[in-house]
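The next block is query_38.cif, given as mmCIF, C-alpha atoms.
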```
data_coords
#
loop_
_atom_site.label_atom_id
_atom_site.label_comp_id
_atom_site.auth_asym_id
_atom_site.auth_seq_id
_atom_site.Cartn_x
_atom_site.Cartn_y
_atom_site.Cartn_z
CA MET A 139 -4.15 -12.18 -25.41
CA ARG A 140 -2.81 -14.02 -22.37
CA ALA A 141 0.69 -14.76 -21.19
CA PRO A 142 1.97 -16.94 -18.32
CA LEU A 143 3.84 -15.02 -15.61
CA LEU A 144 3.84 -14.40 -11.89
CA VAL A 145 0.47 -12.79 -12.51
CA LEU A 146 -1.34 -13.73 -15.71
CA LEU A 147 -2.80 -10.66 -17.34
CA ALA A 148 -5.88 -10.45 -19.47
CA ALA A 149 -7.89 -7.59 -20.89
CA PHE A 150 -11.56 -7.08 -21.55
CA VAL A 151 -13.67 -4.15 -22.62
CA ALA A 152 -16.47 -3.16 -20.25
CA GLY A 153 -19.91 -2.01 -21.38
CA ALA A 154 -21.42 -1.54 -24.82
CA ALA A 155 -19.18 -0.48 -27.66
CA SER A 156 -18.78 3.27 -27.81
CA ALA A 157 -16.18 5.97 -28.12
CA GLN A 158 -16.33 6.26 -24.33
CA GLN A 159 -15.30 2.65 -23.73
CA ARG A 160 -12.41 2.07 -21.37
CA ARG A 161 -10.11 -0.92 -21.36
CA ILE A 162 -9.99 -2.64 -18.00
CA GLU A 163 -7.06 -4.91 -17.28
CA TYR A 164 -7.07 -7.40 -14.46
CA SER A 165 -4.98 -10.18 -12.98
CA ASP A 166 -6.47 -13.65 -13.07
CA VAL A 167 -3.91 -15.06 -10.65
CA PRO A 168 -3.45 -13.27 -7.31
CA VAL A 169 -0.31 -11.37 -6.40
CA ILE A 170 1.00 -12.97 -3.21
CA VAL A 171 2.96 -10.54 -1.11
CA CYS A 172 4.31 -13.16 1.27
CA GLU A 173 4.28 -16.72 2.45
CA LEU A 174 4.51 -17.44 6.16
CA SER A 175 7.32 -19.69 7.42
CA ALA A 176 7.87 -20.74 11.04
CA GLN A 177 11.59 -20.29 11.76
CA GLU A 178 13.48 -19.95 15.01
CA GLY A 179 10.81 -18.31 17.07
CA HIS A 180 9.34 -15.97 14.51
CA THR A 181 7.32 -15.99 11.34
CA VAL A 182 9.16 -14.85 8.22
CA ARG A 183 7.08 -13.84 5.24
CA ARG A 184 8.40 -14.75 1.82
CA ALA A 185 7.11 -14.66 -1.75
CA GLY A 186 4.75 -17.42 -2.82
CA SER A 187 1.61 -18.26 -4.77
CA GLY A 188 -2.06 -18.88 -4.17
CA ALA A 189 -4.42 -21.83 -4.75
CA GLU A 190 -7.80 -22.61 -6.30
CA LEU A 191 -10.72 -23.16 -3.92
CA PRO A 192 -14.46 -24.34 -3.72
CA SER A 193 -17.93 -23.94 -0.64
CA SER A 194 -18.99 -20.74 1.09
CA ALA A 195 -20.11 -18.67 4.08
CA SER A 196 -20.72 -14.95 4.35
CA PHE A 197 -20.52 -12.52 7.24
CA LEU A 198 -22.11 -9.10 7.64
CA GLN A 199 -20.92 -6.87 10.44
CA GLY A 200 -20.03 -3.20 10.51
CA GLY A 201 -19.00 -1.34 7.37
CA THR A 202 -18.28 -4.25 5.04
CA THR A 203 -19.59 -7.66 4.03
CA PHE A 204 -16.93 -10.34 3.60
CA GLN A 205 -17.87 -13.54 1.77
CA VAL A 206 -15.41 -16.32 2.54
CA THR A 207 -15.35 -19.52 0.51
CA TYR A 208 -13.82 -22.16 2.79
CA SER A 209 -12.28 -25.41 1.61
CA GLY A 210 -11.09 -28.00 4.10
CA PHE A 211 -11.13 -25.77 7.18
CA PRO A 212 -11.88 -27.49 10.49
CA ALA A 213 -14.45 -25.61 12.58
CA GLU A 214 -11.92 -24.17 15.03
CA ALA A 215 -9.64 -22.84 12.24
CA GLU A 216 -12.64 -21.40 10.42
CA ALA A 217 -13.73 -19.66 13.63
CA ALA A 218 -10.29 -18.01 13.97
CA PHE A 219 -10.38 -16.95 10.31
CA GLN A 220 -13.88 -15.52 10.73
CA ALA A 221 -12.82 -13.59 13.84
CA ALA A 222 -10.07 -11.87 11.84
CA VAL A 223 -12.55 -11.13 9.03
CA ASP A 224 -14.97 -9.64 11.57
CA ILE A 225 -12.28 -7.20 12.74
CA TRP A 226 -11.60 -5.94 9.22
CA GLU A 227 -15.37 -5.57 8.63
CA GLN A 228 -15.37 -2.94 11.37
CA HIS A 229 -12.35 -1.04 9.99
CA ILE A 230 -13.05 -0.49 6.27
CA ALA A 231 -16.25 0.27 4.35
CA SER A 232 -17.33 -1.06 0.97
CA PRO A 233 -20.68 -1.05 -0.84
CA THR A 234 -19.79 -4.39 -2.46
CA PRO A 235 -18.94 -7.70 -0.75
CA ILE A 236 -15.26 -8.60 -0.45
CA ARG A 237 -14.80 -12.20 -1.57
CA ILE A 238 -12.02 -14.38 -0.17
CA ASN A 239 -11.10 -17.91 -1.19
CA ALA A 240 -9.59 -19.68 1.83
CA ASN A 241 -8.02 -23.12 1.50
CA TRP A 242 -6.80 -25.40 4.29
CA ILE A 243 -4.33 -27.89 2.78
CA PRO A 244 -1.04 -29.62 3.69
CA LEU A 245 1.96 -27.41 2.87
CA ASP A 246 5.70 -27.91 3.17
CA THR A 247 7.22 -28.31 6.63
CA ASN A 248 7.14 -25.03 8.58
CA LEU A 249 5.20 -23.28 5.80
CA LEU A 250 2.17 -21.68 7.42
CA GLY A 251 0.38 -20.15 4.45
CA SER A 252 0.02 -17.26 2.01
CA ALA A 253 -2.50 -14.71 0.80
CA GLY A 254 -2.77 -11.91 -1.75
CA PRO A 255 -5.15 -9.87 -3.93
CA PHE A 256 -6.17 -10.04 -7.54
CA LEU A 257 -5.45 -6.71 -9.29
CA ILE A 258 -7.42 -4.35 -11.55
CA ARG A 259 -6.46 -1.11 -13.30
CA ASN A 260 -7.98 1.52 -15.59
CA PHE A 261 -11.53 0.99 -14.37
CA ASP A 262 -13.87 3.98 -14.70
CA ALA A 263 -13.72 4.97 -11.02
CA ALA A 264 -9.94 4.59 -10.69
CA PRO A 265 -8.52 7.75 -9.06
CA ILE A 266 -5.16 7.24 -10.81
CA PRO A 267 -4.87 5.79 -14.33
CA ASN A 268 -2.34 3.11 -15.27
CA THR A 269 -2.11 2.03 -11.64
CA TRP A 270 -2.87 -1.43 -10.26
CA TYR A 271 -5.51 -1.53 -7.48
CA PRO A 272 -6.27 -4.56 -5.32
CA ALA A 273 -9.57 -6.00 -6.52
CA PRO A 274 -11.51 -5.34 -3.28
CA LEU A 275 -10.57 -1.66 -3.40
CA ALA A 276 -11.35 -1.38 -7.12
CA ASP A 277 -14.79 -2.87 -6.43
CA ALA A 278 -15.35 -0.53 -3.48
CA LEU A 279 -14.47 2.52 -5.55
CA SER A 280 -16.69 1.34 -8.42
CA GLY A 281 -19.65 0.17 -6.34
CA ALA A 282 -19.74 -3.07 -8.34
CA ASP A 283 -17.90 -6.37 -8.68
CA LEU A 284 -15.59 -5.71 -11.63
CA ASP A 285 -14.31 -9.27 -11.92
CA PRO A 286 -17.02 -11.73 -10.79
CA ALA A 287 -15.10 -14.67 -12.30
CA ASN A 288 -12.45 -14.36 -9.58
CA PRO A 289 -12.43 -13.77 -5.83
CA ASP A 290 -10.86 -10.56 -4.55
CA ILE A 291 -8.32 -12.25 -2.27
CA GLU A 292 -6.82 -15.74 -2.37
CA ALA A 293 -5.58 -17.34 0.88
CA THR A 294 -4.01 -20.70 1.69
CA PHE A 295 -3.01 -22.00 5.13
CA SER A 296 -1.29 -25.19 6.24
CA SER A 297 -3.37 -28.04 7.62
CA ALA A 298 -0.14 -29.88 8.46
CA PHE A 299 1.42 -27.27 10.76
CA PRO A 300 1.35 -28.65 14.35
CA ASN A 301 1.67 -25.43 16.38
CA TRP A 302 -1.42 -23.41 15.47
CA TYR A 303 -3.44 -21.66 18.14
CA PHE A 304 -7.06 -21.54 16.99
CA GLY A 305 -8.54 -19.69 19.94
CA THR A 306 -9.83 -16.14 19.63
CA ASP A 307 -9.18 -15.18 23.27
CA GLY A 308 -5.58 -14.09 22.66
CA ASN A 309 -3.98 -16.72 24.90
CA PRO A 310 -1.74 -18.98 22.79
CA ALA A 311 0.82 -21.20 24.50
CA PRO A 312 4.47 -20.01 24.31
CA GLU A 313 5.27 -22.30 21.35
CA GLU A 314 2.10 -21.61 19.35
CA TYR A 315 1.33 -19.25 16.45
CA ASP A 316 -1.91 -17.32 16.68
CA LEU A 317 -3.88 -18.05 13.49
CA MET A 318 -6.25 -15.13 14.00
CA THR A 319 -3.34 -12.64 14.09
CA ILE A 320 -1.75 -14.11 10.96
CA VAL A 321 -5.04 -14.05 9.03
CA LEU A 322 -5.61 -10.43 10.12
CA HIS A 323 -2.15 -9.57 8.74
CA GLU A 324 -2.67 -11.39 5.45
CA ILE A 325 -6.07 -9.81 4.81
CA GLY A 326 -4.30 -6.45 5.25
CA HIS A 327 -2.07 -7.33 2.30
CA GLY A 328 -5.09 -8.45 0.30
CA LEU A 329 -6.79 -5.10 0.92
CA GLY A 330 -3.85 -3.15 -0.49
CA PHE A 331 -0.92 -3.08 1.94
CA ILE A 332 1.25 -4.34 -0.92
CA GLY A 333 3.70 -2.77 -3.35
CA SER A 334 5.43 -3.80 -6.55
CA LEU A 335 8.78 -2.05 -6.06
CA LYS A 336 11.49 -4.66 -5.63
CA VAL A 337 15.14 -5.55 -6.27
CA GLU A 338 15.93 -8.22 -8.85
CA GLY A 339 19.42 -9.04 -10.04
CA GLY A 340 20.77 -5.94 -8.32
CA LEU A 341 18.34 -3.61 -10.12
CA GLY A 342 15.30 -1.78 -8.78
CA THR A 343 12.07 -2.53 -10.63
CA VAL A 344 8.46 -1.32 -10.59
CA GLY A 345 5.31 -3.16 -11.61
CA LEU A 346 4.51 -6.67 -12.73
CA PRO A 347 7.03 -8.65 -14.80
CA SER A 348 4.71 -8.39 -17.82
CA ASP A 349 4.13 -4.65 -17.38
CA PRO A 350 7.23 -2.99 -15.91
CA GLY A 351 6.78 0.61 -14.91
CA LEU A 352 3.08 0.41 -14.03
CA PRO A 353 2.91 0.65 -10.22
CA PHE A 354 0.51 -0.53 -7.55
CA VAL A 355 -1.39 2.30 -5.81
CA TYR A 356 0.69 1.66 -2.64
CA ASP A 357 3.85 2.43 -4.65
CA ARG A 358 2.54 5.91 -5.43
CA PHE A 359 3.28 6.99 -1.85
CA ALA A 360 6.81 5.55 -1.54
CA GLU A 361 9.68 7.98 -1.01
CA ASP A 362 13.30 8.11 0.09
CA GLY A 363 14.73 9.76 3.19
CA LEU A 364 14.77 13.14 1.43
CA GLY A 365 11.10 12.94 0.49
CA ARG A 366 11.80 12.16 -3.18
CA PRO A 367 9.23 9.80 -4.72
CA LEU A 368 10.68 6.43 -5.69
CA LEU A 369 8.54 6.53 -8.84
CA ASP A 370 10.29 9.69 -10.07
CA THR A 371 12.23 8.14 -12.95
CA ALA A 372 14.40 11.23 -13.31
CA THR A 373 15.88 10.42 -9.90
CA TYR A 374 15.25 6.66 -9.87
CA PRO A 375 15.25 5.18 -13.37
CA LEU A 376 13.53 1.86 -13.92
CA LYS A 377 15.79 -1.18 -13.71
CA SER A 378 18.60 0.81 -12.11
CA THR A 379 21.10 0.27 -9.32
CA VAL A 380 20.08 3.72 -8.03
CA LEU A 381 16.54 2.51 -7.39
CA ALA A 382 17.85 -0.75 -5.91
CA ASP A 383 20.08 1.21 -3.52
CA ALA A 384 17.12 3.36 -2.44
CA LEU A 385 15.00 0.27 -1.73
CA GLN A 386 17.82 -1.17 0.37
CA SER A 387 18.21 1.93 2.52
CA ALA A 388 15.64 3.90 4.53
CA THR A 389 12.39 3.77 2.54
CA TYR A 390 9.22 5.57 3.62
CA LEU A 391 5.53 5.72 2.80
CA GLY A 392 3.90 9.14 2.79
CA GLY A 393 0.32 10.27 2.20
CA GLY A 394 -1.95 12.82 3.84
CA ALA A 395 -3.56 10.47 6.37
CA VAL A 396 -0.26 8.77 7.22
CA GLU A 397 1.52 12.08 7.79
CA ALA A 398 -1.38 13.49 9.83
CA THR A 399 -1.56 10.34 11.96
CA HIS A 400 2.14 9.55 12.34
CA GLY A 401 3.46 13.11 12.04
CA ALA A 402 5.73 12.20 9.11
CA PRO A 403 6.10 9.57 6.40
CA VAL A 404 6.34 6.14 8.00
CA LEU A 405 9.46 3.96 7.85
CA LEU A 406 9.05 0.73 5.90
CA TYR A 407 11.06 -2.45 6.41
CA SER A 408 14.05 -1.83 4.14
CA PRO A 409 17.09 -3.93 5.13
CA SER A 410 20.39 -3.42 3.32
CA ASP A 411 19.99 -6.81 1.64
CA TRP A 412 16.66 -7.13 -0.19
CA ASN A 413 14.42 -9.65 1.59
CA GLU A 414 11.94 -10.99 -0.95
CA GLY A 415 8.42 -10.87 0.43
CA SER A 416 9.39 -8.85 3.53
CA SER A 417 11.10 -5.70 2.22
CA PHE A 418 8.96 -2.70 1.32
CA SER A 419 5.47 -4.19 1.85
CA HIS A 420 5.75 -4.11 5.65
CA LEU A 421 6.33 -1.53 8.36
CA ASP A 422 9.81 -1.48 9.89
CA GLU A 423 10.20 -4.15 12.59
CA GLU A 424 12.44 -2.12 14.91
CA ALA A 425 10.29 1.00 14.68
CA PHE A 426 7.14 -1.00 15.50
CA PRO A 427 8.22 -3.95 17.70
CA GLN A 428 6.07 -6.52 19.48
CA GLY A 429 3.49 -4.78 21.67
CA ASN A 430 3.39 -1.61 19.57
CA GLU A 431 -0.12 -0.65 18.42
CA ASP A 432 1.14 -0.68 14.81
CA GLY A 433 2.83 -4.08 15.09
CA LEU A 434 0.42 -6.06 12.90
CA MET A 435 1.91 -5.16 9.50
CA THR A 436 5.60 -5.72 10.36
CA PRO A 437 7.47 -8.60 8.67
CA PHE A 438 8.01 -10.81 11.75
CA LEU A 439 5.60 -12.40 14.20
CA LEU A 440 6.89 -13.98 17.39
CA ARG A 441 5.50 -17.20 18.79
CA ALA A 442 2.54 -16.41 21.05
CA GLU A 443 2.37 -12.83 19.70
CA VAL A 444 -1.22 -11.59 19.49
CA VAL A 445 -2.53 -8.52 17.62
CA ARG A 446 -6.22 -7.66 17.33
CA SER A 447 -6.22 -4.34 15.45
CA PRO A 448 -4.74 -3.11 12.15
CA GLY A 449 -3.37 -0.11 14.05
CA PRO A 450 -3.49 3.63 13.25
CA ILE A 451 -0.82 3.58 10.53
CA ALA A 452 -2.32 0.65 8.60
CA CYS A 453 -5.71 2.38 8.75
CA ALA A 454 -4.14 5.62 7.50
CA ILE A 455 -2.47 3.78 4.62
CA MET A 456 -5.83 2.26 3.70
CA GLN A 457 -7.34 5.74 3.59
CA ASP A 458 -4.51 7.16 1.50
CA ILE A 459 -4.73 4.41 -1.14
CA GLY A 460 -8.47 5.04 -1.50
CA TRP A 461 -10.47 3.13 1.11
CA THR A 462 -13.40 4.68 2.95
CA LEU A 463 -12.82 3.91 6.62
CA ALA A 464 -15.39 2.30 8.91
CA PRO A 465 -15.76 3.57 12.51
CA LEU A 466 -12.97 1.58 14.18
CA CYS A 467 -10.36 2.82 11.68
CA THR A 468 -11.77 6.34 11.68
CA ALA A 469 -11.25 6.48 15.43
CA LEU A 470 -7.55 5.65 14.97
CA VAL A 471 -6.68 7.99 12.09
CA GLU A 472 -5.97 11.70 12.36
CA ALA A 473 -7.71 13.50 9.52
CA PRO A 474 -5.45 15.72 7.40
CA GLY A 475 -5.94 19.42 8.06
CA PRO A 476 -8.87 21.21 6.44
CA THR A 477 -8.49 21.94 2.77
CA PRO A 478 -8.46 25.70 2.17
CA ASP A 479 -10.86 27.40 -0.21
CA LEU A 480 -9.64 26.68 -3.72
CA PRO A 481 -11.07 29.39 -6.00
CA ASN A 482 -8.57 28.41 -8.73
CA GLY A 483 -8.73 24.68 -8.06
CA PHE A 484 -5.49 24.72 -6.07
CA ALA A 485 -3.69 26.51 -3.25
CA LEU A 486 0.06 26.85 -2.68
CA SER A 487 1.66 28.06 0.54
CA ILE A 488 5.10 28.09 2.17
CA ALA A 489 4.99 25.68 5.11
CA GLY A 490 8.61 26.21 6.18
CA ALA A 491 10.96 29.14 6.49
CA ASN A 492 11.60 31.68 3.71
CA PRO A 493 14.40 32.75 3.69
CA PHE A 494 15.74 29.35 4.80
CA VAL A 495 19.15 28.07 5.88
CA SER A 496 19.24 24.35 5.04
CA GLU A 497 15.87 23.47 3.52
CA THR A 498 12.20 24.44 3.50
CA GLU A 499 8.85 22.98 2.49
CA LEU A 500 5.69 23.90 0.61
CA ARG A 501 2.08 22.82 1.00
CA ILE A 502 -0.14 22.23 -2.04
CA SER A 503 -3.89 21.58 -1.99
CA VAL A 504 -5.88 20.53 -5.04
CA GLU A 505 -9.55 20.26 -5.89
CA GLN A 506 -9.16 17.33 -8.29
CA PRO A 507 -6.91 14.25 -7.87
CA GLN A 508 -3.75 14.68 -9.91
CA THR A 509 -0.01 14.20 -10.12
CA ILE A 510 1.98 17.38 -9.58
CA GLN A 511 5.50 18.05 -10.82
CA VAL A 512 7.76 20.10 -8.56
CA ARG A 513 10.93 21.62 -9.99
CA LEU A 514 13.37 23.93 -8.22
CA PHE A 515 15.36 26.25 -10.53
CA ASP A 516 18.36 28.42 -9.78
CA ARG A 517 18.65 31.94 -11.23
CA LEU A 518 20.25 30.56 -14.41
CA GLY A 519 17.24 28.36 -15.08
CA ARG A 520 18.95 25.10 -14.18
CA VAL A 521 16.87 22.41 -12.46
CA VAL A 522 18.47 21.67 -9.09
CA MET A 523 15.68 19.55 -7.55
CA ARG A 524 12.69 17.63 -8.83
CA GLN A 525 9.82 15.69 -7.27
CA ASP A 526 6.56 14.22 -8.54
CA ARG A 527 3.71 13.73 -6.07
CA PHE A 528 0.18 12.40 -6.39
CA VAL A 529 -2.39 14.41 -4.41
CA GLN A 530 -5.88 13.13 -3.68
CA GLY A 531 -8.82 15.29 -4.72
CA GLY A 532 -9.67 17.70 -1.92
CA GLY A 533 -6.36 16.75 -0.32
CA THR A 534 -3.17 18.47 0.74
CA ALA A 535 0.44 17.34 0.26
CA THR A 536 3.58 18.70 1.89
CA ILE A 537 6.62 18.98 -0.38
CA ARG A 538 9.60 18.52 1.94
CA HIS A 539 13.36 18.99 1.71
CA ILE A 540 13.21 21.82 -0.83
CA GLY A 541 16.67 23.34 -1.18
CA ALA A 542 18.37 20.53 0.74
CA GLY A 543 21.91 19.62 -0.19
CA ASP A 544 24.93 21.64 -1.17
CA LEU A 545 23.12 24.50 -2.89
CA PRO A 546 24.79 27.89 -2.57
CA ALA A 547 22.98 30.80 -0.97
CA GLY A 548 20.81 32.75 -3.38
CA VAL A 549 17.36 33.15 -4.92
CA TYR A 550 15.59 30.08 -6.31
CA PHE A 551 12.24 29.53 -7.98
CA VAL A 552 10.05 26.51 -7.37
CA HIS A 553 7.69 25.76 -10.26
CA ILE A 554 4.74 23.42 -9.66
CA VAL A 555 2.71 22.03 -12.55
CA GLY A 556 -0.44 19.93 -12.15
CA ASP A 557 -3.08 18.67 -14.53
CA THR A 558 -5.24 21.75 -13.87
CA PHE A 559 -2.83 24.51 -12.80
CA SER A 560 0.73 25.81 -12.62
CA ALA A 561 2.35 28.11 -10.05
CA THR A 562 5.75 29.60 -9.26
CA GLN A 563 7.13 30.65 -5.88
CA ALA A 564 10.39 32.50 -5.16
CA LEU A 565 12.53 31.14 -2.33
CA THR A 566 15.74 32.48 -0.80
CA LYS A 567 18.52 30.41 0.72
CA VAL A 568 20.82 32.12 3.19
CA ARG A 569 24.00 31.04 4.95
#
```
Same coordinates, now as structure tokens:
Amino acid sequence: MRAPLLVLLAAFVAGAASAQQRRIEYSDVPVIVCELSAQEGHTVRRAGSGAELPSSASFLQGGTTFQVTYSGFPAEAEAAFQAAVDIWEQHIASPTPIRINANWIPLDTNLLGSAGPFLIRNFDAAPIPNTWYPAPLADALSGADLDPANPDIEATFSSAFPNWYFGTDGNPAPEEYDLMTIVLHEIGHGLGFIGSLKVEGGLGTVGLPSDPGLPFVYDRFAEDGLGRPLLDTATYPLKSTVLADALQSATYLGGGAVEATHGAPVLLYSPSDWNEGSSFSHLDEEAFPQGNEDGLMTPFLLRAEVVRSPGPIACAIMQDIGWTLAPLCTALVEAPGPTPDLPNGFALSIAGANPFVSETELRISVEQPQTIQVRLFDRLGRVVMRQDRFVQGGGTATIRHIGAGDLPAGVYFVHIVGDTFSATQALTKVR
């Protein structure tokens, strides 16, 4: 059964009929995280759509093979595109080729282009069920092309734009836009630097229009300034002004690799007025300005700005959402601390103070990937704080801001429930 929407959804059953069959759902139109528009000295990324493409070339360097099907590209534009592809080949690893359709066609005035991934969920190797994965990552996790009828990433760039710089030497003229940098950025979105949380009609939403509530894997790591997951519907109900307000204030992305590399969850671009195609699926522009090593995945690109690396934070995000890193990313990312011995499949420790004055934090390690529920109870058994966190298998998560707020001094109990364990820890708040 098919329905027309921003992303058309279809379903098929993989493998021979059996009680073990799993239903795989996939998008047969790519999700485009942003279009590129040249405006007043910078590039603004806005929502858009992809295009159909035909002819092909493949490249093998480093940890990944990219196969790019070019249509209409002049040699110099193709060379810039390939140079960006070659960089990503050295930063992520996949046992299956990553297929990109790239089209060079006239677009509206000042419109530079767009790119985005096809999506797949509920495949056998998916670490988290009912979660949309970008097709190249789903294939990498599965070791097979799950959707051979479609490419993994769709990309379209303007043949009519007059101010492209096609060189790969990083020396554009002051009025030019560096195509290689922009392609590097857009491939990053296609590989998974993309979320579904957004504000529509004043309400915060999650997932595709056809399937509200089912997040992208990137969304799983989103949190507010107090460390509360934005997917916790007890705090942030679907289609609520509360969720909209959170997305239009300081929004962060956590994850073990991100927090080990950056020292804390990383600030996303979250202006007070929702900016379609820029908000949430980019790093904050002011925190990572031009010249910063993490400047590639911010929402604005200045004329003549050149970036030649995804940067440590983008590499860490790739690792957290499930990618195996190739050497150039591995060199940039701080590995999370060693996982302790887990004789019971989990370990729980107090990472902050106990007793504590304003707030404290816990550290949880798990043997198997799972979502954990964290609830703080007062002595009367009332829930005074709640969080839900996904923890990678063999990974460790820090639960922050426990006891924060206007809680009176006293004894509290934090109860943590996972798929394979439960644990309770007493905590004491003092004045």
Please determine, counting only C-alpha atoms, which residue among A:Glu313, A:Glu424, A:Glu214, A:Glu292 has the shortest atom-to-atom distance to A:Ala253.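 Under the stated criterion, the closest residue is A:Glu292.
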Which residue, A:Ala287, A:Ala222, A:Met435, A:Asn239, has the smallest gap to A:Gly210 when you use all atoms listed in the file? A:Asn239
Among A:Pro465, A:Gly365, A:Gly345, A:Pro272, A:Ile540 is approached most closely, using all atoms listed in the file, by A:Gly365
All residues 7 Å or closer to stretch 327-341 of chain A, all atoms listed in the file, same chain fewer than 6 positions away omitted, as a ChimeraX atom specification: /A:171,253-255,272,274-275,291,353-354,356-357,377-379,381-382,412,419
So, with only C-alpha atoms as the atoms that count, which of A:Gln428, A:Asn260, A:Ser232, A:Gln220 lies closest to A:Ile325?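 Once distances to A:Ile325 are computed over only C-alpha atoms, the minimum belongs to A:Gln220.
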Suppose a student applies the PyMOL selection byres ((chain A and resi 546-555) around 8) to this structure; what residues should they get, written as a list in words?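 Against this file, the PyMOL selection byres ((chain A and resi 546-555) around 8) returns the residues Ile510, Gln511, Val512, Arg513, Leu514, Phe515, Asp516, Arg517, Asp544, Leu545, Gly556, Asp557, Phe559, Ser560, Ala561, Thr562, Gln563, Ala564, Leu565, Thr566, Lys567, Val568 and Arg569 of chain A.
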Name the residues within 7 Å of (23.3, -4.1, -0.7), counting only C-alpha atoms in the file's coordinates, and put them as a list in words.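 Looking at atoms near the point gives Asp383, Gln386, Ser410 and Asp411 of chain A.
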May I have the selected residues written with C-alpha atoms, as a compact mmCIF listing (two decimals), in the frame of the given file?
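Result saved to selection_39.txt:
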```
# COMPACT_ATOMS: atom_id res chain seq x y z
CA ASP A 383 20.08 1.21 -3.52
CA GLN A 386 17.82 -1.17 0.37
CA SER A 410 20.39 -3.42 3.32
CA ASP A 411 19.99 -6.81 1.64
```
Can you take the partial stretch 362-375 of chain A, add N, CA and C atoms, and return it as a PDB file, in the coordinates of the input?
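Once written, part-v7.pdb looks like this:
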```pdb
ATOM      1  N   ASP A 362      12.032   8.334  -0.591  1.00  0.00           N
ATOM      2  CA  ASP A 362      13.300   8.110   0.090  1.00  0.00           C
ATOM      3  C   ASP A 362      13.399   9.004   1.317  1.00  0.00           C
ATOM      4  N   GLY A 363      14.549   8.979   1.980  1.00  0.00           N
ATOM      5  CA  GLY A 363      14.730   9.760   3.190  1.00  0.00           C
ATOM      6  C   GLY A 363      14.725  11.252   2.987  1.00  0.00           C
ATOM      7  N   LEU A 364      14.844  11.704   1.735  1.00  0.00           N
ATOM      8  CA  LEU A 364      14.770  13.140   1.430  1.00  0.00           C
ATOM      9  C   LEU A 364      13.406  13.544   0.903  1.00  0.00           C
ATOM     10  N   GLY A 365      12.446  12.622   0.952  1.00  0.00           N
ATOM     11  CA  GLY A 365      11.100  12.940   0.490  1.00  0.00           C
ATOM     12  C   GLY A 365      10.922  12.845  -1.007  1.00  0.00           C
ATOM     13  N   ARG A 366      11.899  12.282  -1.723  1.00  0.00           N
ATOM     14  CA  ARG A 366      11.800  12.160  -3.180  1.00  0.00           C
ATOM     15  C   ARG A 366      11.039  10.890  -3.536  1.00  0.00           C
ATOM     16  N   PRO A 367      10.013  10.988  -4.369  1.00  0.00           N
ATOM     17  CA  PRO A 367       9.230   9.800  -4.720  1.00  0.00           C
ATOM     18  C   PRO A 367      10.095   8.749  -5.425  1.00  0.00           C
ATOM     19  N   LEU A 368       9.918   7.493  -5.047  1.00  0.00           N
ATOM     20  CA  LEU A 368      10.680   6.430  -5.690  1.00  0.00           C
ATOM     21  C   LEU A 368      10.199   6.150  -7.105  1.00  0.00           C
ATOM     22  N   LEU A 369       9.030   6.685  -7.466  1.00  0.00           N
ATOM     23  CA  LEU A 369       8.540   6.530  -8.840  1.00  0.00           C
ATOM     24  C   LEU A 369       8.993   7.663  -9.753  1.00  0.00           C
ATOM     25  N   ASP A 370       9.759   8.608  -9.232  1.00  0.00           N
ATOM     26  CA  ASP A 370      10.290   9.690 -10.070  1.00  0.00           C
ATOM     27  C   ASP A 370      11.466   9.123 -10.872  1.00  0.00           C
ATOM     28  N   THR A 371      11.215   8.805 -12.138  1.00  0.00           N
ATOM     29  CA  THR A 371      12.230   8.140 -12.950  1.00  0.00           C
ATOM     30  C   THR A 371      13.419   9.034 -13.277  1.00  0.00           C
ATOM     31  N   ALA A 372      13.248  10.355 -13.108  1.00  0.00           N
ATOM     32  CA  ALA A 372      14.400  11.230 -13.310  1.00  0.00           C
ATOM     33  C   ALA A 372      15.437  11.016 -12.213  1.00  0.00           C
ATOM     34  N   THR A 373      14.976  10.704 -11.014  1.00  0.00           N
ATOM     35  CA  THR A 373      15.880  10.420  -9.900  1.00  0.00           C
ATOM     36  C   THR A 373      16.176   8.930  -9.800  1.00  0.00           C
ATOM     37  N   TYR A 374      15.132   8.112 -10.027  1.00  0.00           N
ATOM     38  CA  TYR A 374      15.250   6.660  -9.870  1.00  0.00           C
ATOM     39  C   TYR A 374      14.774   5.966 -11.142  1.00  0.00           C
ATOM     40  N   PRO A 375      15.649   5.842 -12.127  1.00  0.00           N
ATOM     41  CA  PRO A 375      15.250   5.180 -13.370  1.00  0.00           C
ATOM     42  C   PRO A 375      14.834   3.732 -13.133  1.00  0.00           C
TER      43      PRO A 375
END
```
